[in-house]
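> This one is query.pdb, PDB, N, CA and C atoms.
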ATOM      1  N   MET A   1      12.356 -26.543   8.998
ATOM      2  CA  MET A   1      13.638 -25.890   9.128
ATOM      3  C   MET A   1      13.848 -24.841   8.034
ATOM      4  N   SER A   2      13.334 -25.127   6.828
ATOM      5  CA  SER A   2      13.561 -24.198   5.722
ATOM      6  C   SER A   2      12.843 -22.868   5.956
ATOM      7  N   ILE A   3      11.778 -22.896   6.744
ATOM      8  CA  ILE A   3      11.079 -21.630   7.017
ATOM      9  C   ILE A   3      11.955 -20.722   7.872
ATOM     10  N   TRP A   4      12.714 -21.300   8.790
ATOM     11  CA  TRP A   4      13.603 -20.496   9.633
ATOM     12  C   TRP A   4      14.774 -19.938   8.826
ATOM     13  N   ILE A   5      15.211 -20.688   7.851
ATOM     14  CA  ILE A   5      16.267 -20.193   6.959
ATOM     15  C   ILE A   5      15.734 -18.993   6.169
ATOM     16  N   ALA A   6      14.504 -19.110   5.661
ATOM     17  CA  ALA A   6      13.897 -18.001   4.914
ATOM     18  C   ALA A   6      13.717 -16.776   5.802
ATOM     19  N   ILE A   7      13.305 -16.989   7.047
ATOM     20  CA  ILE A   7      13.140 -15.872   7.984
ATOM     21  C   ILE A   7      14.489 -15.216   8.269
ATOM     22  N   GLY A   8      15.505 -16.032   8.491
ATOM     23  CA  GLY A   8      16.845 -15.493   8.748
ATOM     24  C   GLY A   8      17.393 -14.717   7.563
ATOM     25  N   LEU A   9      17.228 -15.258   6.352
ATOM     26  CA  LEU A   9      17.691 -14.558   5.159
ATOM     27  C   LEU A   9      16.930 -13.252   4.935
ATOM     28  N   THR A  10      15.632 -13.273   5.203
ATOM     29  CA  THR A  10      14.842 -12.047   5.067
ATOM     30  C   THR A  10      15.290 -10.996   6.069
ATOM     31  N   ALA A  11      15.511 -11.398   7.306
ATOM     32  CA  ALA A  11      15.975 -10.453   8.323
ATOM     33  C   ALA A  11      17.341  -9.878   7.953
ATOM     34  N   ALA A  12      18.250 -10.737   7.484
ATOM     35  CA  ALA A  12      19.570 -10.260   7.082
ATOM     36  C   ALA A  12      19.465  -9.320   5.880
ATOM     37  N   GLY A  13      18.597  -9.654   4.925
ATOM     38  CA  GLY A  13      18.401  -8.788   3.766
ATOM     39  C   GLY A  13      17.848  -7.435   4.152
ATOM     40  N   CYS A  14      16.893  -7.405   5.062
ATOM     41  CA  CYS A  14      16.336  -6.129   5.528
ATOM     42  C   CYS A  14      17.399  -5.293   6.234
ATOM     43  N   TYR A  15      18.207  -5.939   7.040
ATOM     44  CA  TYR A  15      19.283  -5.227   7.729
ATOM     45  C   TYR A  15      20.272  -4.644   6.732
ATOM     46  N   LEU A  16      20.641  -5.425   5.710
ATOM     47  CA  LEU A  16      21.589  -4.945   4.709
ATOM     48  C   LEU A  16      21.018  -3.778   3.907
ATOM     49  N   VAL A  17      19.735  -3.848   3.559
ATOM     50  CA  VAL A  17      19.111  -2.742   2.829
ATOM     51  C   VAL A  17      19.126  -1.479   3.679
ATOM     52  N   LYS A  18      18.822  -1.622   4.961
ATOM     53  CA  LYS A  18      18.856  -0.463   5.852
ATOM     54  C   LYS A  18      20.282   0.081   5.983
ATOM     55  N   LEU A  19      21.251  -0.788   6.086
ATOM     56  CA  LEU A  19      22.649  -0.363   6.186
ATOM     57  C   LEU A  19      23.093   0.356   4.908
ATOM     58  N   ILE A  20      22.712  -0.167   3.761
ATOM     59  CA  ILE A  20      23.053   0.485   2.493
ATOM     60  C   ILE A  20      22.404   1.862   2.429
ATOM     61  N   GLY A  21      21.175   1.974   2.918
ATOM     62  CA  GLY A  21      20.498   3.271   2.935
ATOM     63  C   GLY A  21      21.229   4.288   3.799
ATOM     64  N   LEU A  22      21.815   3.831   4.885
ATOM     65  CA  LEU A  22      22.564   4.740   5.752
ATOM     66  C   LEU A  22      23.895   5.162   5.139
ATOM     67  N   LEU A  23      24.421   4.346   4.244
ATOM     68  CA  LEU A  23      25.708   4.642   3.631
ATOM     69  C   LEU A  23      25.605   5.553   2.406
ATOM     70  N   VAL A  24      24.374   5.812   1.935
ATOM     71  CA  VAL A  24      24.193   6.687   0.771
ATOM     72  C   VAL A  24      24.552   8.113   1.176
ATOM     73  N   PRO A  25      25.375   8.796   0.389
ATOM     74  CA  PRO A  25      25.734  10.175   0.739
ATOM     75  C   PRO A  25      24.517  11.097   0.712
ATOM     76  N   ALA A  26      24.510  12.089   1.597
ATOM     77  CA  ALA A  26      23.379  13.015   1.693
ATOM     78  C   ALA A  26      23.179  13.794   0.394
ATOM     79  N   GLY A  27      24.247  14.066  -0.325
ATOM     80  CA  GLY A  27      24.127  14.800  -1.580
ATOM     81  C   GLY A  27      23.316  14.055  -2.625
ATOM     82  N   ALA A  28      23.415  12.723  -2.616
ATOM     83  CA  ALA A  28      22.645  11.928  -3.570
ATOM     84  C   ALA A  28      21.157  11.987  -3.262
ATOM     85  N   LEU A  29      20.816  12.143  -1.998
ATOM     86  CA  LEU A  29      19.410  12.196  -1.609
ATOM     87  C   LEU A  29      18.780  13.565  -1.833
ATOM     88  N   GLU A  30      19.605  14.575  -2.053
ATOM     89  CA  GLU A  30      19.104  15.934  -2.245
ATOM     90  C   GLU A  30      18.798  16.258  -3.708
ATOM     91  N   ARG A  31      19.074  15.346  -4.617
ATOM     92  CA  ARG A  31      18.808  15.584  -6.035
ATOM     93  C   ARG A  31      17.309  15.713  -6.274
ATOM     94  N   PRO A  32      16.902  16.574  -7.201
ATOM     95  CA  PRO A  32      15.466  16.786  -7.443
ATOM     96  C   PRO A  32      14.719  15.523  -7.880
ATOM     97  N   LEU A  33      15.332  14.719  -8.727
ATOM     98  CA  LEU A  33      14.668  13.493  -9.178
ATOM     99  C   LEU A  33      14.419  12.540  -8.018
ATOM    100  N   VAL A  34      15.410  12.385  -7.162
ATOM    101  CA  VAL A  34      15.273  11.496  -6.005
ATOM    102  C   VAL A  34      14.187  12.016  -5.073
ATOM    103  N   ARG A  35      14.120  13.314  -4.874
ATOM    104  CA  ARG A  35      13.088  13.897  -3.995
ATOM    105  C   ARG A  35      11.697  13.671  -4.561
ATOM    106  N   ARG A  36      11.539  13.848  -5.893
ATOM    107  CA  ARG A  36      10.225  13.625  -6.508
ATOM    108  C   ARG A  36       9.821  12.161  -6.406
ATOM    109  N   LEU A  37      10.750  11.273  -6.692
ATOM    110  CA  LEU A  37      10.433   9.846  -6.620
ATOM    111  C   LEU A  37      10.105   9.410  -5.204
ATOM    112  N   SER A  38      10.838   9.935  -4.233
ATOM    113  CA  SER A  38      10.565   9.544  -2.846
ATOM    114  C   SER A  38       9.226  10.087  -2.361
ATOM    115  N   ALA A  39       8.751  11.169  -2.959
ATOM    116  CA  ALA A  39       7.430  11.688  -2.597
ATOM    117  C   ALA A  39       6.316  10.866  -3.245
ATOM    118  N   LEU A  40       6.563  10.308  -4.431
ATOM    119  CA  LEU A  40       5.527   9.573  -5.155
ATOM    120  C   LEU A  40       5.502   8.084  -4.842
ATOM    121  N   LEU A  41       6.600   7.535  -4.389
ATOM    122  CA  LEU A  41       6.689   6.098  -4.161
ATOM    123  C   LEU A  41       5.684   5.568  -3.135
ATOM    124  N   PRO A  42       5.492   6.199  -1.979
ATOM    125  CA  PRO A  42       4.502   5.669  -1.030
ATOM    126  C   PRO A  42       3.083   5.651  -1.598
ATOM    127  N   VAL A  43       2.730   6.656  -2.385
ATOM    128  CA  VAL A  43       1.396   6.700  -2.982
ATOM    129  C   VAL A  43       1.223   5.543  -3.960
ATOM    130  N   ALA A  44       2.232   5.294  -4.781
ATOM    131  CA  ALA A  44       2.161   4.201  -5.748
ATOM    132  C   ALA A  44       2.076   2.843  -5.048
ATOM    133  N   LEU A  45       2.843   2.661  -3.994
ATOM    134  CA  LEU A  45       2.802   1.397  -3.260
ATOM    135  C   LEU A  45       1.458   1.187  -2.578
ATOM    136  N   LEU A  46       0.902   2.242  -1.993
ATOM    137  CA  LEU A  46      -0.402   2.128  -1.352
ATOM    138  C   LEU A  46      -1.497   1.844  -2.369
ATOM    139  N   ALA A  47      -1.436   2.478  -3.529
ATOM    140  CA  ALA A  47      -2.421   2.214  -4.582
ATOM    141  C   ALA A  47      -2.333   0.765  -5.063
ATOM    142  N   ALA A  48      -1.117   0.257  -5.233
ATOM    143  CA  ALA A  48      -0.951  -1.127  -5.664
ATOM    144  C   ALA A  48      -1.468  -2.100  -4.610
ATOM    145  N   LEU A  49      -1.191  -1.831  -3.358
ATOM    146  CA  LEU A  49      -1.682  -2.690  -2.279
ATOM    147  C   LEU A  49      -3.199  -2.661  -2.210
ATOM    148  N   THR A  50      -3.793  -1.483  -2.347
ATOM    149  CA  THR A  50      -5.249  -1.363  -2.327
ATOM    150  C   THR A  50      -5.873  -2.132  -3.482
ATOM    151  N   ALA A  51      -5.325  -1.995  -4.673
ATOM    152  CA  ALA A  51      -5.858  -2.714  -5.831
ATOM    153  C   ALA A  51      -5.720  -4.224  -5.653
ATOM    154  N   GLN A  52      -4.603  -4.666  -5.143
ATOM    155  CA  GLN A  52      -4.381  -6.097  -4.955
ATOM    156  C   GLN A  52      -5.346  -6.661  -3.915
ATOM    157  N   GLN A  53      -5.541  -5.939  -2.824
ATOM    158  CA  GLN A  53      -6.432  -6.416  -1.772
ATOM    159  C   GLN A  53      -7.903  -6.326  -2.176
ATOM    160  N   THR A  54      -8.242  -5.403  -3.069
ATOM    161  CA  THR A  54      -9.632  -5.219  -3.464
ATOM    162  C   THR A  54     -10.050  -6.188  -4.558
ATOM    163  N   PHE A  55      -9.198  -6.420  -5.522
ATOM    164  CA  PHE A  55      -9.603  -7.154  -6.711
ATOM    165  C   PHE A  55      -9.027  -8.553  -6.836
ATOM    166  N   SER A  56      -8.511  -9.131  -5.752
ATOM    167  CA  SER A  56      -7.992 -10.494  -5.856
ATOM    168  C   SER A  56      -8.380 -11.311  -4.642
ATOM    169  N   THR A  57      -8.542 -12.587  -4.913
ATOM    170  CA  THR A  57      -8.723 -13.585  -3.867
ATOM    171  C   THR A  57      -7.817 -14.741  -4.235
ATOM    172  N   GLY A  58      -6.767 -14.920  -3.508
ATOM    173  CA  GLY A  58      -5.776 -15.927  -3.886
ATOM    174  C   GLY A  58      -5.108 -15.512  -5.178
ATOM    175  N   SER A  59      -5.263 -16.340  -6.202
ATOM    176  CA  SER A  59      -4.685 -16.004  -7.502
ATOM    177  C   SER A  59      -5.753 -15.632  -8.520
ATOM    178  N   ALA A  60      -6.991 -15.449  -8.065
ATOM    179  CA  ALA A  60      -8.101 -15.127  -8.971
ATOM    180  C   ALA A  60      -8.431 -13.632  -8.906
ATOM    181  N   LEU A  61      -8.840 -13.111 -10.040
ATOM    182  CA  LEU A  61      -9.297 -11.721 -10.126
ATOM    183  C   LEU A  61     -10.793 -11.704  -9.869
ATOM    184  N   VAL A  62     -11.239 -10.892  -8.899
ATOM    185  CA  VAL A  62     -12.658 -10.848  -8.547
ATOM    186  C   VAL A  62     -13.129  -9.395  -8.425
ATOM    187  N   VAL A  63     -14.392  -9.204  -8.722
ATOM    188  CA  VAL A  63     -15.036  -7.922  -8.475
ATOM    189  C   VAL A  63     -16.239  -8.231  -7.591
ATOM    190  N   ASP A  64     -16.179  -7.796  -6.338
ATOM    191  CA  ASP A  64     -17.242  -8.094  -5.395
ATOM    192  C   ASP A  64     -17.574  -6.848  -4.576
ATOM    193  N   ALA A  65     -18.065  -7.036  -3.381
ATOM    194  CA  ALA A  65     -18.494  -5.920  -2.535
ATOM    195  C   ALA A  65     -17.339  -4.983  -2.193
ATOM    196  N   ARG A  66     -16.133  -5.500  -2.154
ATOM    197  CA  ARG A  66     -14.988  -4.650  -1.849
ATOM    198  C   ARG A  66     -14.795  -3.562  -2.901
ATOM    199  N   ALA A  67     -15.087  -3.896  -4.158
ATOM    200  CA  ALA A  67     -14.965  -2.900  -5.231
ATOM    201  C   ALA A  67     -15.987  -1.789  -5.043
ATOM    202  N   ALA A  68     -17.187  -2.131  -4.619
ATOM    203  CA  ALA A  68     -18.208  -1.111  -4.359
ATOM    204  C   ALA A  68     -17.785  -0.220  -3.196
ATOM    205  N   GLY A  69     -17.205  -0.804  -2.166
ATOM    206  CA  GLY A  69     -16.709  -0.010  -1.046
ATOM    207  C   GLY A  69     -15.583   0.917  -1.451
ATOM    208  N   LEU A  70     -14.700   0.435  -2.311
ATOM    209  CA  LEU A  70     -13.616   1.274  -2.808
ATOM    210  C   LEU A  70     -14.159   2.426  -3.645
ATOM    211  N   ALA A  71     -15.175   2.149  -4.458
ATOM    212  CA  ALA A  71     -15.792   3.206  -5.260
ATOM    213  C   ALA A  71     -16.458   4.255  -4.361
ATOM    214  N   ALA A  72     -17.108   3.804  -3.293
ATOM    215  CA  ALA A  72     -17.729   4.748  -2.356
ATOM    216  C   ALA A  72     -16.667   5.604  -1.669
ATOM    217  N   ALA A  73     -15.556   4.994  -1.299
ATOM    218  CA  ALA A  73     -14.475   5.756  -0.679
ATOM    219  C   ALA A  73     -13.882   6.763  -1.658
ATOM    220  N   ALA A  74     -13.721   6.360  -2.909
ATOM    221  CA  ALA A  74     -13.196   7.282  -3.923
ATOM    222  C   ALA A  74     -14.141   8.460  -4.130
ATOM    223  N   LEU A  75     -15.434   8.182  -4.160
ATOM    224  CA  LEU A  75     -16.412   9.263  -4.305
ATOM    225  C   LEU A  75     -16.359  10.212  -3.113
ATOM    226  N   ALA A  76     -16.248   9.668  -1.914
ATOM    227  CA  ALA A  76     -16.141  10.512  -0.717
ATOM    228  C   ALA A  76     -14.872  11.358  -0.758
ATOM    229  N   LEU A  77     -13.791  10.801  -1.283
ATOM    230  CA  LEU A  77     -12.558  11.572  -1.404
ATOM    231  C   LEU A  77     -12.696  12.693  -2.419
ATOM    232  N   VAL A  78     -13.380  12.415  -3.531
ATOM    233  CA  VAL A  78     -13.599  13.449  -4.547
ATOM    234  C   VAL A  78     -14.435  14.585  -3.962
ATOM    235  N   LEU A  79     -15.371  14.243  -3.094
ATOM    236  CA  LEU A  79     -16.220  15.252  -2.455
ATOM    237  C   LEU A  79     -15.543  15.919  -1.260
ATOM    238  N   ARG A  80     -14.272  15.590  -1.040
ATOM    239  CA  ARG A  80     -13.457  16.190   0.032
ATOM    240  C   ARG A  80     -14.004  15.896   1.433
ATOM    241  N   ALA A  81     -14.494  14.689   1.636
ATOM    242  CA  ALA A  81     -15.004  14.293   2.944
ATOM    243  C   ALA A  81     -13.833  14.032   3.893
ATOM    244  N   PRO A  82     -14.046  14.185   5.206
ATOM    245  CA  PRO A  82     -12.997  13.845   6.174
ATOM    246  C   PRO A  82     -12.684  12.350   6.130
ATOM    247  N   PHE A  83     -11.510  11.999   6.624
ATOM    248  CA  PHE A  83     -11.030  10.620   6.530
ATOM    249  C   PHE A  83     -12.003   9.624   7.160
ATOM    250  N   LEU A  84     -12.537   9.927   8.326
ATOM    251  CA  LEU A  84     -13.449   8.990   8.981
ATOM    252  C   LEU A  84     -14.730   8.804   8.173
ATOM    253  N   VAL A  85     -15.172   9.828   7.492
ATOM    254  CA  VAL A  85     -16.353   9.703   6.631
ATOM    255  C   VAL A  85     -16.022   8.807   5.430
ATOM    256  N   VAL A  86     -14.828   8.948   4.892
ATOM    257  CA  VAL A  86     -14.398   8.105   3.773
ATOM    258  C   VAL A  86     -14.397   6.640   4.196
ATOM    259  N   VAL A  87     -13.795   6.347   5.325
ATOM    260  CA  VAL A  87     -13.744   4.973   5.821
ATOM    261  C   VAL A  87     -15.148   4.466   6.133
ATOM    262  N   GLY A  88     -15.965   5.304   6.774
ATOM    263  CA  GLY A  88     -17.336   4.917   7.085
ATOM    264  C   GLY A  88     -18.150   4.630   5.843
ATOM    265  N   ALA A  89     -18.006   5.440   4.812
ATOM    266  CA  ALA A  89     -18.736   5.207   3.561
ATOM    267  C   ALA A  89     -18.327   3.876   2.946
ATOM    268  N   ALA A  90     -17.042   3.592   2.957
ATOM    269  CA  ALA A  90     -16.570   2.319   2.401
ATOM    270  C   ALA A  90     -17.129   1.137   3.185
ATOM    271  N   VAL A  91     -17.137   1.254   4.501
ATOM    272  CA  VAL A  91     -17.636   0.159   5.342
ATOM    273  C   VAL A  91     -19.128  -0.051   5.124
ATOM    274  N   VAL A  92     -19.890   1.037   5.140
ATOM    275  CA  VAL A  92     -21.350   0.922   4.993
ATOM    276  C   VAL A  92     -21.726   0.356   3.625
ATOM    277  N   VAL A  93     -21.094   0.847   2.575
ATOM    278  CA  VAL A  93     -21.419   0.355   1.230
ATOM    279  C   VAL A  93     -21.003  -1.097   1.070
ATOM    280  N   THR A  94     -19.828  -1.463   1.547
ATOM    281  CA  THR A  94     -19.395  -2.864   1.446
ATOM    282  C   THR A  94     -20.324  -3.767   2.206
ATOM    283  N   ALA A  95     -20.682  -3.384   3.420
ATOM    284  CA  ALA A  95     -21.614  -4.213   4.214
ATOM    285  C   ALA A  95     -22.985  -4.292   3.551
ATOM    286  N   GLY A  96     -23.442  -3.174   2.999
ATOM    287  CA  GLY A  96     -24.743  -3.186   2.317
ATOM    288  C   GLY A  96     -24.759  -4.095   1.100
ATOM    289  N   VAL A  97     -23.722  -4.023   0.292
ATOM    290  CA  VAL A  97     -23.659  -4.881  -0.898
ATOM    291  C   VAL A  97     -23.560  -6.339  -0.499
ATOM    292  N   ARG A  98     -22.795  -6.628   0.533
ATOM    293  CA  ARG A  98     -22.697  -8.017   0.994
ATOM    294  C   ARG A  98     -24.022  -8.502   1.561
ATOM    295  N   ALA A  99     -24.767  -7.640   2.255
ATOM    296  CA  ALA A  99     -26.059  -8.032   2.802
ATOM    297  C   ALA A  99     -27.077  -8.288   1.699
ATOM    298  N   ILE A 100     -27.036  -7.492   0.656
ATOM    299  CA  ILE A 100     -27.980  -7.653  -0.437
ATOM    300  C   ILE A 100     -27.593  -8.841  -1.320
ATOM    301  N   GLY A 101     -26.310  -8.944  -1.626
ATOM    302  CA  GLY A 101     -25.855  -9.974  -2.571
ATOM    303  C   GLY A 101     -25.486 -11.305  -1.947
ATOM    304  N   GLY A 102     -25.367 -11.346  -0.657
ATOM    305  CA  GLY A 102     -25.047 -12.596  -0.005
ATOM    306  C   GLY A 102     -23.650 -12.758   0.283
TER     307      GLY A 102
END
How does this structure look as structure tokens?


Amino acid sequence: MSIWIAIGLTAAGCYLVKLIGLLVPAGALERPLVRRLSALLPVALLAALTAQQTFSTGSALVVDARAAGLAAAALALVLRAPFLVVVGAAVVVTAGVRAIGG
């Protein structure tokens, strides 16, 4: 039963956050600081999610084949490769390291 309470509270909280966002005056959203932060926030969140998914298993910090795949993707990005090449490089390197290392 407590899981349904948590789900209900989460849904209500999400609705309230969305409602508060709609009530913010447009002038507050046009400020330069707010515009800069809103442009940088998705990048920061994606970087944090990528780091968390790459370097953790449960509550442990690990460096395994996923780190090699991330490094290959970063190298492909530095070389200005298309997105599918970046993803392909990460997949191939991760699979290769896992095949070699077990």

> So the first atom is atom C of A:Ile100 and the second is atom CA of A:Arg66; what is the distance between them in Å, to one decimal place?

13.3 Å

> Enumerate the residues of chain A with a DSSP assignment of helix (DSSP H, G or I), computed from the backbone, and present them as a PyMOL selection string.

chain A and resi 2-23+26-29+32-55+65-78+83-101

> Using all atoms listed in the file, determine which residues lie at most 8 Å from A:Val91, disregarding the query and same-chain residues fewer than 6 positions distant; provide the list as a short mmCIF file (atom, residue, chain, number, x, y, z; two decimals) with N, CA and C atoms, in the frame of the given file.


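So result22.cif came out as:
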data_model
loop_
_atom_site.label_atom_id
_atom_site.label_comp_id
_atom_site.auth_asym_id
_atom_site.auth_seq_id
_atom_site.Cartn_x
_atom_site.Cartn_y
_atom_site.Cartn_z
N ALA A 68 -17.19 -2.13 -4.62
CA ALA A 68 -18.21 -1.11 -4.36
C ALA A 68 -17.78 -0.22 -3.20
N GLY A 69 -17.20 -0.80 -2.17
CA GLY A 69 -16.71 -0.01 -1.05
C GLY A 69 -15.58 0.92 -1.45
N LEU A 70 -14.70 0.44 -2.31
CA LEU A 70 -13.62 1.27 -2.81
C LEU A 70 -14.16 2.43 -3.64
N ALA A 72 -17.11 3.80 -3.29
CA ALA A 72 -17.73 4.75 -2.36
C ALA A 72 -16.67 5.60 -1.67
N ALA A 73 -15.56 4.99 -1.30
CA ALA A 73 -14.48 5.76 -0.68
C ALA A 73 -13.88 6.76 -1.66
N VAL A 85 -15.17 9.83 7.49
CA VAL A 85 -16.35 9.70 6.63
C VAL A 85 -16.02 8.81 5.43
N VAL A 97 -23.72 -4.02 0.29
CA VAL A 97 -23.66 -4.88 -0.90
C VAL A 97 -23.56 -6.34 -0.50
#

> Report, in Å to a single decimal, how far apart atom N of A:Val93 and atom N of A:Ala44 are.

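Answer for the atom N of A:Ala44 to atom N of A:Val93 separation: 24.9 Å.
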